[in-house]
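Peer 1: The structure follows.
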Amino acid sequence: ISSFFHLLRFHLFRLGMSSVAALGASIICNKIPGLAPRQRTICQSRPDAIIVIGDGVQIGINECQFQFRHGRWNCSALGEKTVFGRELRVGSKEAAFAYAIIAAGVAHAVTAACTQGVLIGCGCDKEKQGFHQQEQGWKWGGCSADLHYGLGFSKIFVDAREIKQNARTLMNLHNNDVGRKVLEKGMHLECKCHGVSGSCTTKTCWTMLPKFRHLGFALKDKYEHAVHVEPVRASRNKRPAFLKVKKPHTYRKPTDSDLVYIDRSPNYCEADPQTGSAGTRGRLCNATTQQPNSCELMCCGRGHDTHQYSRVWQCNCKFLWCCHVRCNTCSERTEVHTCK
Ligand SMILES: *[C@@H]1O[C@H](CO)[C@@H](O)[C@H](O)[C@H]1NC(C)=O
Ligand SMILES: *[C@@H]1O[C@H](CO)[C@@H](O)[C@H](O)[C@H]1NC(C)=O
């Protein structure tokens with residue numbers, strides 16, 4: 001998927017963005033694998049946004065890979081099974097995280113593109129322009145991020161693939177919302193002083209998007225505390241109507257800031273496409289740590305292989321008058337461990 005966008009970006013760069021329309025939206029949109037029918041329609045009406053959406057998905061996947069770099073599950077299955085690809089047919093905690101971070105990624109990328117003025121139909125938040133915040137002594141200025149637009153776009157586009165009426169759909173929609181909510185909570189105010197030599201006679205402020213890394217940590221924390229839920233069917237109706245916390249004798253619904261999951265996670269030791277597990281064979285591990293990336297935990301007791309190699313580089317370089325540089329050669333033996 002990402003290489004497809006790479007290629008698409010390359011072509012669009014050569015043609016210039018204005019040629020998207022000339023290239024034919026339907027050609028572009030029909031070539032993107034795995035779009036749900038409604039997503040294809042959105043793509044055709046907003047071809048300018050599809051690149052930005054692709055960026056957003058990629059930001060989400062990259063952050064997922066960073067957050068889970070030491071885990072047995074490392075987002076590997078996400079590379080090809082994104083909102084654009086085949087859906088993750090699992091209801092695990094990991095899927096919950098993946099959906100939330102991608103929904104947040106799309107909203108973040110679209111909002112950022114609006115601020116940069118590269119998307120049609122949006123820009124700075126018009127509601128935050130020129131008005132005074134009398135009590136606080138500042139007024140809106142600069143370009144406030146139009147988060148509303150980005151969130152709305154994410155909701156329309158990302159949620160459009162949830163067409164089945166089953167428990168996983170409820171789970172995915174819930175987690176998409178959690179991702180967008182975390183983004184919303186991460187918005188902050190940036191201010192600047194104006195006046196003679198920074199005297200701050202007037203102060204202007206604008207809202208800014210949070211760094212995506214910040215959202216990654218916030219969602220990782222929610223992942224650690226994800227809530228196990230089960231579907232509740234309305235009587236006679238076979239479709240699940242809503243999700244409730246999976247505990248006997250309770251009808252509490254999960255809060256809208258909890259990530260939710262319906263299936264227990266596999267241990268991700270062996271490859272299994274059914275559960276979205278890539279297995280840990282060949283994964284790098286650390287032989288001296290107690291962390292989750294230790295060879296013991298990462299390799300699930302199968303043991304590990306050790307590869308030794310030496311690294312050689314120029315070191316202790318000195319500048320000699322005049323004019324050359326003399327260096328020593330340093331070397332280091334390195335061991336790398338990978339799971340059997
Ligand atoms: C994730 O793990 C798989 C093997 O289980 C490996 O092939 C892949 O390169 C890893 N991905 C990342 C981003 O580390
Ligand atoms: C392995 O873990 C130890 C202790 O956490 C750390 O000091 C070391 O740098 C790690 N090694 C590698 C290759 O990451």
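Residue names in the structure tokens use chain letters A, B, ... in the order shown, residue numbers from 1 in each chain, and ligand numbers from 1 in the order shown.
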Check which residues fall inside 6 Å of ligand 1 when counting only C-alpha atoms and all ligand atoms, and print them as a ChimeraX atom specification.
Peer 2: /A:65,74,76,278-281,283
Peer 1: Suppose we keep C-alpha atoms; can you now write the selection as a compact mmCIF listing (two decimals), in the first residue's frame?
Peer 2:
# COMPACT_ATOMS: atom_id res chain seq x y z
CA GLN A 65 5.43 0.34 14.80
CA ASN A 74 4.90 -5.18 15.97
CA SER A 76 3.51 -6.02 10.94
CA ALA A 278 3.24 -12.62 12.15
CA GLY A 279 5.04 -14.77 14.70
CA THR A 280 8.43 -13.85 16.12
CA ARG A 281 10.77 -16.01 14.04
CA ARG A 283 12.86 -10.99 15.21
Peer 1: Need to verify the contact set: stretch 212-228 of chain A, 9 Å, only C-alpha atoms, exclusion of same-chain residues closer than 2 positions in sequence. Can you return it as an NGL selection string?
Peer 2: :A and (59-60 or 63-64 or 66-68 or 93-94 or 96-97 or 100-101 or 104-105 or 108 or 178-179 or 182-183 or 186 or 209-210 or 230 or 244-247 or 254 or 257-264)
Peer 1: Could those selected residues go to a file with C-alpha atoms, as a short mmCIF file (atom, residue, chain, number, x, y, z; two decimals), in the first residue's frame?
Peer 2:
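Okay, this is what ended up in again-v6.cif:
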data_model
loop_
_atom_site.label_atom_id
_atom_site.label_comp_id
_atom_site.auth_asym_id
_atom_site.auth_seq_id
_atom_site.Cartn_x
_atom_site.Cartn_y
_atom_site.Cartn_z
CA ILE A 59 1.72 8.27 10.08
CA GLY A 60 -0.55 6.01 12.11
CA GLU A 63 3.63 5.38 15.17
CA CYS A 64 2.13 1.96 15.82
CA PHE A 66 7.32 2.69 17.08
CA GLN A 67 5.07 2.07 20.08
CA PHE A 68 5.20 -1.70 19.63
CA LYS A 93 -6.64 -5.18 21.84
CA GLU A 94 -3.98 -4.74 19.18
CA ALA A 96 -8.23 -1.64 18.85
CA PHE A 97 -4.97 0.30 19.02
CA ALA A 100 -7.61 4.26 16.87
CA ILE A 101 -4.16 5.37 15.74
CA ALA A 104 -6.24 9.80 14.56
CA GLY A 105 -3.58 9.79 11.84
CA HIS A 108 -4.20 14.79 12.03
CA VAL A 178 -11.35 7.10 20.79
CA GLY A 179 -8.43 7.84 18.46
CA VAL A 182 -7.30 11.62 21.94
CA LEU A 183 -6.30 13.96 19.13
CA GLY A 186 -4.13 16.91 22.62
CA LEU A 209 -2.09 20.15 16.55
CA PRO A 210 -0.21 17.99 19.06
CA GLU A 230 -19.23 -8.05 24.53
CA LYS A 244 -21.20 -3.62 27.22
CA VAL A 245 -18.36 -4.28 29.60
CA LYS A 246 -17.79 -8.04 29.75
CA LYS A 247 -18.43 -8.80 33.38
CA PRO A 254 -17.55 1.36 28.04
CA SER A 257 -12.41 7.32 26.07
CA ASP A 258 -11.69 3.61 26.62
CA LEU A 259 -10.28 1.43 23.88
CA VAL A 260 -12.41 -1.70 23.70
CA TYR A 261 -11.81 -5.25 22.47
CA ILE A 262 -13.98 -8.33 22.10
CA ASP A 263 -11.44 -11.13 21.61
CA ARG A 264 -8.54 -12.11 23.81
#
Peer 1: Residues within 9 Å of ligand 2 should be enumerated using only C-alpha atoms and all ligand atoms and returned as a PyMOL selection string.
Peer 2: chain A and resi 284-291+293-294+334-337
Peer 1: Compile the contact shell of A:Gly150 as a ChimeraX atom specification: residues with an atom at most 8 Å away, counting only C-alpha atoms, same-chain residues fewer than 3 positions apart removed.
Peer 2: /A:106-111,146-147,153-154
Peer 1: Stretch 89-325 of chain A: which residues are alpha helix (DSSP H) by DSSP, as a PyMOL selection string?
Peer 2: chain A and resi 93-115+147-158+167-185+212-224+295-298
Peer 1: Please give the complete set of residues from stretch 116-271 of chain A that DSSP, run on the backbone, assigns to strand (DSSP E or B), formatted as number ranges by chain.
Peer 2: A: 124, 132-133, 138-140, 145, 188-194, 202-208, 227-233, 240-245, 260-261, 271
